[in-house]
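One structure below.
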Amino acid sequence: MAALEVERLARHYGEREALRDVSLTLAHGRTLVVFGPNGAGKTTLLQIFATLLRPHGGLVRVLGNDLPDQAWRLRGRVGLLAHEPLLYRSLSARENLRFYARLHGVGQRRVHELLQALELSGRSSEPLRTLSRGMVQRVAVARAVLHDPELLLLDEPYANLDPAARDLVEPLIGASSGPTRVLCSHDPAGALAQADQVLGLRDGRVALAGPADQVGEDEILALYR
Amino acid sequence: MYGKGLRALSFSTVVAVTGALTLVFFYAPLDEEQGFLQKIFYVHVPLAIIALCGFVLGALLAIAHLRTRDPRWDMRSYVVIHMSLIFALATLITGSIWAKGSWGHWWVWSEPTLVSFLIVFLLYATYQPLRFAIEDPERQARTASVFAITAGAFVPMNFIAVRLASAYLHPRVLGNTSNLPGPMALTFVVSLVAMGLLFATLCKYELTAKHTRSQLRALRRRLGALPDTPSPRRSAAPGQGVAGQRSIGARVAGGGAAP
Amino acid sequence: MSATGQRASERGAVPAGAGRRPAVSMRTAVAALLRKELLVELRTLESVPGMSLFALSTFVVFHFALNRNTVDGDLAAGILWVTLLFAALLGVNRLFVADAEDGGFEGFLLAPVERGALLLAKELALLIYLVVLELVAVPAFVLLLAPPFAHALPDLLLVLALGDIGVAVVGTLVAALAVRTRARDLLGPLLGLPLMVPIVIGGARASSPLFAATHAGSPAARWLATLALYDLIFGLIAYAVFDFLLED
């Protein structure tokens with residue numbers, strides 16, 4: 001059984017179509033990279049997989065569960081790293097992670113491990129609002145993988161991260177981390193290297209799709225023109 | 001779909017209203033205490049009852065919307081509430097006129113029914129601003145439905161509370177409808193029926209108009225919209241290319257294929 | 001949970017199946033959410049100080065505007081309840097703001113917990129804020145407006161408790177309705193005021209005998225019943241409709 005099975009997915013926003021006729025299949029443990037200009041529907045796609053948005057048409061099956069009816073079974077099995085860090089700015093990294101750990105039924109020891117792995121222990125007690133964007137992004141990564149999800153949805157995860165920070169998060173969300181991944185990226189070269197499959201969206205429709213080794217960088221760049 | 005039966009409904013409404021007016025002016029006896037002014041009772045009270053029923057109906061339609069997610073229920077809920085708000089405003093105005101005529105004041109705070117109505121009116125007056133403040137049409141519909149249900153439950157609660165709180169001052173005519181003398185009772189019932197039909201007809205008109213407008217918009221979009229231009233790019237992946245894109249949608253080969 | 005690197009090997013091709021971890025219980029979820037709420041409030045102090053200060057200022061204004069040494073009966077009850085209501089609406093306005101701005105809704109929606117836990121946690125939080133507000137406001141009221149206040153405290157506490165529950169329930173619902181709109185600061189009070197009128201009526205009428213100048217009595221049972229009925233009905237409705245407000 002595939003991790004993701006999508007057939008003719010549609011989602012509209014009022015009269016505008018955010019996504020239309022999107023189909024794809026992704027096996028477990030593989031990485032799908034989604035390219036496309038802003039507004040193409042990448043974030044919408046990810047949010048549908050995360051069960052935050054319902055599909056308006058077509059069929060979506062995530063980890064064997066049909067959306068939207070069986071969405072509740074997916075909670076706690078999917079990790080989302082979104083545009084927003086989804087963290088409370090007035091609380092510290094530790095407090096935020098502890099809160100989410102409790103909500104997910106995860107032990108506090110894991111919070112400690114993640115803070116150490118991401119080298120955040122030193123500033124883990126300061127309110128997030130005082131940390132740099134890069135550090136906040138790291139805390140967001142911790143939040144996304146806190147509960148050991150089977151499916152990772154990463155919306156431009158490397159934004160705001162310097163090379164050192166990238167190295168820190170790589171074992172958690174990178175290609176070798178284990179879970180099935182869907183990654184949105186604006187970086188053709190870098191992302192293509194980690195991809196098993198590629199999906200290019202434009203204006204909500206699929207403009208490009210295929211195994212990564214059969215897609216060239218120039219085709220991806222053409223999406224943005 | 002909505003236009004069916006509109007003509008029959010309108011016709012019956014005209015008949016009922018005419019009948020009611022005839023009864024009010026020529027049949028119902030003149031009240032000894034209040035004289036001619038009392039006849040406003042035949043307008044004011046049916047307006048009030050229909051408006052309240054309308055609000056509760058709006059809540060029920062909203063429940064249907066939340067359960068079925070069909071936007072048509074939301075449309076119905078919206079129209080019914082909107083119409084009830086107008087009827088409620090009319091209730092307040094006619095009540096005010098009656099109060100001025102009977103007791104000399106445009107507004108009487110010790111009159112529980114009027115005060116309750118004012119509160120309910122103020123509440124439902126926020127319904128449209130609430131809707132307009134939400135851009136996403138689906139979320140707008142859902143939030144509006146939640147509001148309609150909450151407000152619908154509020155209506156009886158409010159009346160109980162206000163009624164308990166004030167000395168019961170409403171004109172004796174209203175006190176017990178069972179005590180209404182025969183001719184008055186008949187006139188009242190006919191007026192009530194006429195008001196109900198009027199409400200139903202107006203709602204149906206508005207629903208039909210809205211529905212037609214949205215159908216027109218959909219047609220126009222389909223006729224005027226540009227055909228989808230497929231990307232000139234060719235993809236090396238199987239099943240791709242211009243022809244593939246023009247059809248249902250790209251399918252990506254399953255994960256079994258080795259990269 | 002093992003350390004970060006070890007999972008790669010075990011993960012390979014995990015078939016989709018039942019969750020590997022039991023869903024989090026309602027009690028744990030509410031506790032976690034409530035804890036977070038109170039922590040955020042303690043850090044930012046956005047609600048409670050504002051509400052309390054507002055109530056204090058209002059009593060001072062009344063003291064001067066009414067130009068009397070003491071208020072009693074209906075007047076006292078009315079002033080108390082209206083002031084509490086308006087102060088409460090200030091708190092209601094801020095209730096979901098942190099979640100809306102910091103993405104707390106999404107974070108919560110991803111967790112394996114019942115949606116109702118958020119409603120309950122917020123209601124409890126608002127209730128706590130109201131209690132703190134009253135700890136400040138009621139003594140201030142007694143001091144500034146000098147109502148006759150003999151042995152009425154337990155009765156007053158009962159009436160306040162019933163009223164607080166109503167405000168907490170309806171306030172949370174209204175806050176949830178208003179927070180995702182564009183005019184959230186305006187719509188909150190606009191929606192909340194009419195809906196809370198029965199609470200003010202019930203609360204004021206129930207506490208009026210407690211402040212009577214002569215022959216102080218106890219709250220009439222029917223007002224307590226009205227408040228309780230209101231709390232029950234809206235408590236149930238809020239629980240039934242809340243899910244729909246969260247989803248997309």
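By convention in this document, the chains of the structure tokens carry letters A, B, ... by their order, each chain's residues are numbered from 1, and ligands are numbered from 1 in the order they are shown.
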Counting only C-alpha atoms, chain B residues within 6 Å of chain C, as a PyMOL selection string: chain B and resi 119+123+133-134+158+161
Write the residues you've just listed into a file as a PDB file, in the first residue's frame, and include C-alpha atoms for each of them.
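In the end it all went to out18.pdb:
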```
ATOM      1  CA  ILE B 119     -32.339  42.352  22.197  1.00  0.00           C
ATOM      2  CA  LEU B 123     -28.272  40.104  18.106  1.00  0.00           C
ATOM      3  CA  ALA B 133     -16.147  39.863   7.847  1.00  0.00           C
ATOM      4  CA  ILE B 134     -15.137  36.392   6.664  1.00  0.00           C
ATOM      5  CA  ASN B 158     -34.116  35.516  26.249  1.00  0.00           C
ATOM      6  CA  ALA B 161     -35.530  35.809  31.191  1.00  0.00           C
TER       7      ALA B 161
END
```
Within 8 Å of chain C: residues of chain A, using only C-alpha atoms, as a ChimeraX atom specification: /A:1,3,28-29,50-54,63-64,72-79,84-91,99-100,102-105,107,110,113-114,117,150,171-172,176-179
Residues within 9 Å of Ala152 of chain C, only C-alpha atoms, excluding chain neighbours under 4 positions, as a ChimeraX atom specification: /C:156-157,210-211,216-218
Picked from segment 16-63 of chain C by DSSP as helix (DSSP H, G or I), as a VMD selection string: chain C and resid 26 to 44 48 to 63
Emit the selected residues as a PDB file, in the first residue's frame, including C-alpha atoms.
```pdb
ATOM      1  CA  MET C  26      -9.460  14.341  27.243  1.00  0.00           C
ATOM      2  CA  ARG C  27      -8.274  15.090  30.726  1.00  0.00           C
ATOM      3  CA  THR C  28      -4.613  15.174  29.759  1.00  0.00           C
ATOM      4  CA  ALA C  29      -5.372  17.324  26.753  1.00  0.00           C
ATOM      5  CA  VAL C  30      -7.458  19.819  28.706  1.00  0.00           C
ATOM      6  CA  ALA C  31      -4.813  19.971  31.403  1.00  0.00           C
ATOM      7  CA  ALA C  32      -2.052  20.588  28.869  1.00  0.00           C
ATOM      8  CA  LEU C  33      -4.080  23.242  27.065  1.00  0.00           C
ATOM      9  CA  LEU C  34      -5.135  24.974  30.252  1.00  0.00           C
ATOM     10  CA  ARG C  35      -1.590  24.993  31.500  1.00  0.00           C
ATOM     11  CA  LYS C  36      -0.434  26.590  28.273  1.00  0.00           C
ATOM     12  CA  GLU C  37      -3.225  29.191  28.432  1.00  0.00           C
ATOM     13  CA  LEU C  38      -2.362  30.225  31.942  1.00  0.00           C
ATOM     14  CA  LEU C  39       1.325  30.263  31.152  1.00  0.00           C
ATOM     15  CA  VAL C  40       0.778  32.550  28.167  1.00  0.00           C
ATOM     16  CA  GLU C  41      -1.450  34.804  30.234  1.00  0.00           C
ATOM     17  CA  LEU C  42       1.105  34.993  33.024  1.00  0.00           C
ATOM     18  CA  ARG C  43       3.780  35.886  30.518  1.00  0.00           C
ATOM     19  CA  THR C  44       1.883  38.451  28.526  1.00  0.00           C
ATOM     20  CA  VAL C  48      -6.652  39.857  33.597  1.00  0.00           C
ATOM     21  CA  PRO C  49      -4.949  43.147  34.515  1.00  0.00           C
ATOM     22  CA  GLY C  50      -6.901  44.965  31.826  1.00  0.00           C
ATOM     23  CA  MET C  51     -10.191  43.484  32.948  1.00  0.00           C
ATOM     24  CA  SER C  52      -9.542  44.300  36.597  1.00  0.00           C
ATOM     25  CA  LEU C  53      -8.396  47.819  35.956  1.00  0.00           C
ATOM     26  CA  PHE C  54     -11.400  48.433  33.787  1.00  0.00           C
ATOM     27  CA  ALA C  55     -13.755  47.261  36.505  1.00  0.00           C
ATOM     28  CA  LEU C  56     -12.004  49.438  39.085  1.00  0.00           C
ATOM     29  CA  SER C  57     -12.140  52.528  36.914  1.00  0.00           C
ATOM     30  CA  THR C  58     -15.769  51.927  36.136  1.00  0.00           C
ATOM     31  CA  PHE C  59     -16.677  51.782  39.793  1.00  0.00           C
ATOM     32  CA  VAL C  60     -14.791  54.985  40.408  1.00  0.00           C
ATOM     33  CA  VAL C  61     -16.620  56.657  37.569  1.00  0.00           C
ATOM     34  CA  PHE C  62     -19.939  55.470  38.937  1.00  0.00           C
ATOM     35  CA  HIS C  63     -19.002  56.723  42.366  1.00  0.00           C
TER      36      HIS C  63
END
```
Between atom CA of Leu126 of chain C and atom CA of Tyr239 of chain C, distance in Å (one decimal):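 Interatomic distance here is 15.7 Å.
Nearest residue to chain B among A:Leu161, A:Val215, A:Ile220, A:Ala18 is A:Val215, counting only C-alpha atoms.
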Counting only C-alpha atoms, chain A residues within 10 Å of chain B, as number ranges by chain: A: 2-9, 12-15, 20-32, 195-199, 202, 205-216, 218-220, 222-223
Who sits within 7 Å of segment 152-158 of chain A, only C-alpha atoms, same chain under 4 positions skipped, as a VMD selection string: chain A and resid 43 46 78 to 83 166 179 to 185
Restrict the selected residues to N, CA and C atoms and save them as a compact mmCIF listing (two decimals), in the first residue's frame.
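Result file out-v1.txt:
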```
# COMPACT_ATOMS: atom_id res chain seq x y z
N THR A 43 1.26 24.82 -0.82
CA THR A 43 0.91 24.83 0.59
C THR A 43 -0.46 24.21 0.80
N LEU A 46 -0.13 20.47 0.82
CA LEU A 46 0.43 19.98 2.08
C LEU A 46 -0.60 20.03 3.20
N VAL A 78 1.23 12.32 11.40
CA VAL A 78 1.75 13.20 10.37
C VAL A 78 2.44 14.38 11.04
N GLY A 79 3.57 14.78 10.51
CA GLY A 79 4.27 15.94 11.04
C GLY A 79 4.29 17.03 10.01
N LEU A 80 3.97 18.24 10.42
CA LEU A 80 3.92 19.35 9.47
C LEU A 80 4.89 20.45 9.87
N LEU A 81 5.72 20.82 8.92
CA LEU A 81 6.57 21.99 9.11
C LEU A 81 6.05 23.03 8.12
N ALA A 82 5.34 24.02 8.64
CA ALA A 82 4.63 24.94 7.76
C ALA A 82 5.41 26.24 7.59
N HIS A 83 4.80 27.15 6.87
CA HIS A 83 5.38 28.49 6.72
C HIS A 83 5.51 29.15 8.07
N ARG A 166 21.38 23.74 8.99
CA ARG A 166 20.92 22.69 8.07
C ARG A 166 21.49 21.34 8.44
N PRO A 179 11.00 8.67 7.63
CA PRO A 179 9.60 8.74 7.23
C PRO A 179 9.43 9.11 5.75
N THR A 180 8.26 8.81 5.25
CA THR A 180 7.87 9.27 3.91
C THR A 180 7.83 10.79 3.98
N ARG A 181 8.32 11.45 2.92
CA ARG A 181 8.38 12.91 2.99
C ARG A 181 7.76 13.58 1.77
N VAL A 182 7.08 14.67 2.02
CA VAL A 182 6.67 15.54 0.92
C VAL A 182 7.28 16.89 1.21
N LEU A 183 8.04 17.37 0.26
CA LEU A 183 8.86 18.55 0.50
C LEU A 183 8.52 19.62 -0.53
N CYS A 184 8.24 20.82 -0.08
CA CYS A 184 8.03 21.93 -1.01
C CYS A 184 9.30 22.74 -1.05
N SER A 185 9.73 23.05 -2.23
CA SER A 185 10.99 23.77 -2.27
C SER A 185 11.06 24.70 -3.46
```
Shell around Phe199 of chain B at 9 Å using only C-alpha atoms, local window under 6 positions removed, as a ChimeraX atom specification: /B:50-51,54,80,83-84,87
Exercise: Phe188 of chain B partners within 7 Å, only C-alpha atoms, chain neighbours under 4 positions left out, as a ChimeraX atom specification: /B:42,184,192
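Relative to atom CA of Gly134 of chain A, atom CA of Ala164 of chain A is found at 10.5 Å.
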Residues flagged strand (DSSP E or B) by DSSP in segment 4-225 of chain A, as a PyMOL selection string: chain A and resi 4-13+16-26+31-35+57-62+65-67+78-81+92+127+151-155+180-184+197-202+205-211
C-alpha atoms of the current selection, written as a PDB file, in the first residue's frame:
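Writing the result to part_2.pdb gives the following:
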```
ATOM      1  CA  LEU A   4      -0.027   8.670  -0.503  1.00  0.00           C
ATOM      2  CA  GLU A   5      -2.642   7.983  -3.134  1.00  0.00           C
ATOM      3  CA  VAL A   6      -4.196  10.986  -4.785  1.00  0.00           C
ATOM      4  CA  GLU A   7      -6.611  10.986  -7.700  1.00  0.00           C
ATOM      5  CA  ARG A   8      -8.055  14.108  -9.295  1.00  0.00           C
ATOM      6  CA  LEU A   9      -7.803  16.115  -6.123  1.00  0.00           C
ATOM      7  CA  ALA A  10      -9.645  19.410  -6.245  1.00  0.00           C
ATOM      8  CA  ARG A  11      -9.899  22.195  -3.759  1.00  0.00           C
ATOM      9  CA  HIS A  12     -11.453  25.553  -4.406  1.00  0.00           C
ATOM     10  CA  TYR A  13     -11.453  28.835  -2.599  1.00  0.00           C
ATOM     11  CA  ARG A  16     -11.196  30.184  -7.617  1.00  0.00           C
ATOM     12  CA  GLU A  17      -9.677  26.755  -7.981  1.00  0.00           C
ATOM     13  CA  ALA A  18      -6.726  26.305  -5.682  1.00  0.00           C
ATOM     14  CA  LEU A  19      -6.073  22.770  -6.851  1.00  0.00           C
ATOM     15  CA  ARG A  20      -7.495  20.859  -9.750  1.00  0.00           C
ATOM     16  CA  ASP A  21      -6.969  17.407 -11.183  1.00  0.00           C
ATOM     17  CA  VAL A  22      -3.991  16.612  -9.039  1.00  0.00           C
ATOM     18  CA  SER A  23      -3.034  12.972  -8.994  1.00  0.00           C
ATOM     19  CA  LEU A  24      -0.003  11.227  -7.586  1.00  0.00           C
ATOM     20  CA  THR A  25       1.142   8.150  -5.740  1.00  0.00           C
ATOM     21  CA  LEU A  26       3.993   7.948  -3.303  1.00  0.00           C
ATOM     22  CA  THR A  31      10.479  11.613  -0.952  1.00  0.00           C
ATOM     23  CA  LEU A  32       8.251  13.705  -3.152  1.00  0.00           C
ATOM     24  CA  VAL A  33       9.421  17.206  -3.937  1.00  0.00           C
ATOM     25  CA  VAL A  34       6.840  19.741  -5.044  1.00  0.00           C
ATOM     26  CA  PHE A  35       7.919  22.738  -7.058  1.00  0.00           C
ATOM     27  CA  GLY A  57     -13.172  16.665  -4.968  1.00  0.00           C
ATOM     28  CA  GLY A  58     -11.306  13.557  -5.961  1.00  0.00           C
ATOM     29  CA  LEU A  59      -9.772  10.930  -3.784  1.00  0.00           C
ATOM     30  CA  VAL A  60      -7.043  11.341  -1.220  1.00  0.00           C
ATOM     31  CA  ARG A  61      -5.685   8.492   0.811  1.00  0.00           C
ATOM     32  CA  VAL A  62      -2.927   9.175   3.307  1.00  0.00           C
ATOM     33  CA  ASN A  65      -6.844   6.488   5.382  1.00  0.00           C
ATOM     34  CA  ASP A  66      -9.387   8.238   3.189  1.00  0.00           C
ATOM     35  CA  LEU A  67      -9.750  11.940   3.663  1.00  0.00           C
ATOM     36  CA  VAL A  78       1.754  13.200  10.365  1.00  0.00           C
ATOM     37  CA  GLY A  79       4.268  15.939  11.045  1.00  0.00           C
ATOM     38  CA  LEU A  80       3.921  19.349   9.473  1.00  0.00           C
ATOM     39  CA  LEU A  81       6.572  21.991   9.111  1.00  0.00           C
ATOM     40  CA  SER A  92      10.054  29.456  25.456  1.00  0.00           C
ATOM     41  CA  PRO A 127      10.657  33.381  24.945  1.00  0.00           C
ATOM     42  CA  LEU A 151       4.732  11.137   7.106  1.00  0.00           C
ATOM     43  CA  LEU A 152       6.623  14.400   7.115  1.00  0.00           C
ATOM     44  CA  LEU A 153       5.234  17.400   5.287  1.00  0.00           C
ATOM     45  CA  LEU A 154       7.854  20.079   4.870  1.00  0.00           C
ATOM     46  CA  ASP A 155       7.014  23.479   3.468  1.00  0.00           C
ATOM     47  CA  THR A 180       7.873   9.271   3.912  1.00  0.00           C
ATOM     48  CA  ARG A 181       8.377  12.905   2.993  1.00  0.00           C
ATOM     49  CA  VAL A 182       6.665  15.536   0.921  1.00  0.00           C
ATOM     50  CA  LEU A 183       8.862  18.553   0.504  1.00  0.00           C
ATOM     51  CA  CYS A 184       8.029  21.930  -1.007  1.00  0.00           C
ATOM     52  CA  GLN A 197       9.656  11.870  -7.332  1.00  0.00           C
ATOM     53  CA  VAL A 198       8.932  15.344  -8.532  1.00  0.00           C
ATOM     54  CA  LEU A 199       5.664  17.219  -8.858  1.00  0.00           C
ATOM     55  CA  GLY A 200       5.440  20.624 -10.467  1.00  0.00           C
ATOM     56  CA  LEU A 201       2.366  22.732  -9.825  1.00  0.00           C
ATOM     57  CA  ARG A 202       1.226  25.795 -11.631  1.00  0.00           C
ATOM     58  CA  ARG A 205      -2.695  22.120 -11.802  1.00  0.00           C
ATOM     59  CA  VAL A 206      -0.013  19.580 -12.372  1.00  0.00           C
ATOM     60  CA  ALA A 207       2.435  20.938 -14.896  1.00  0.00           C
ATOM     61  CA  LEU A 208       5.182  18.449 -14.387  1.00  0.00           C
ATOM     62  CA  ALA A 209       5.450  15.040 -12.785  1.00  0.00           C
ATOM     63  CA  GLY A 210       7.702  12.042 -12.786  1.00  0.00           C
ATOM     64  CA  PRO A 211      10.561  10.187 -11.143  1.00  0.00           C
TER      65      PRO A 211
END
```
Selection near Ile93 of chain B, 12 Å with only C-alpha atoms, sequence-local residues under 4 positions removed, as a ChimeraX atom specification: /B:40,43-45,47-48,86-89,97-100,106-107,114,117-118,121
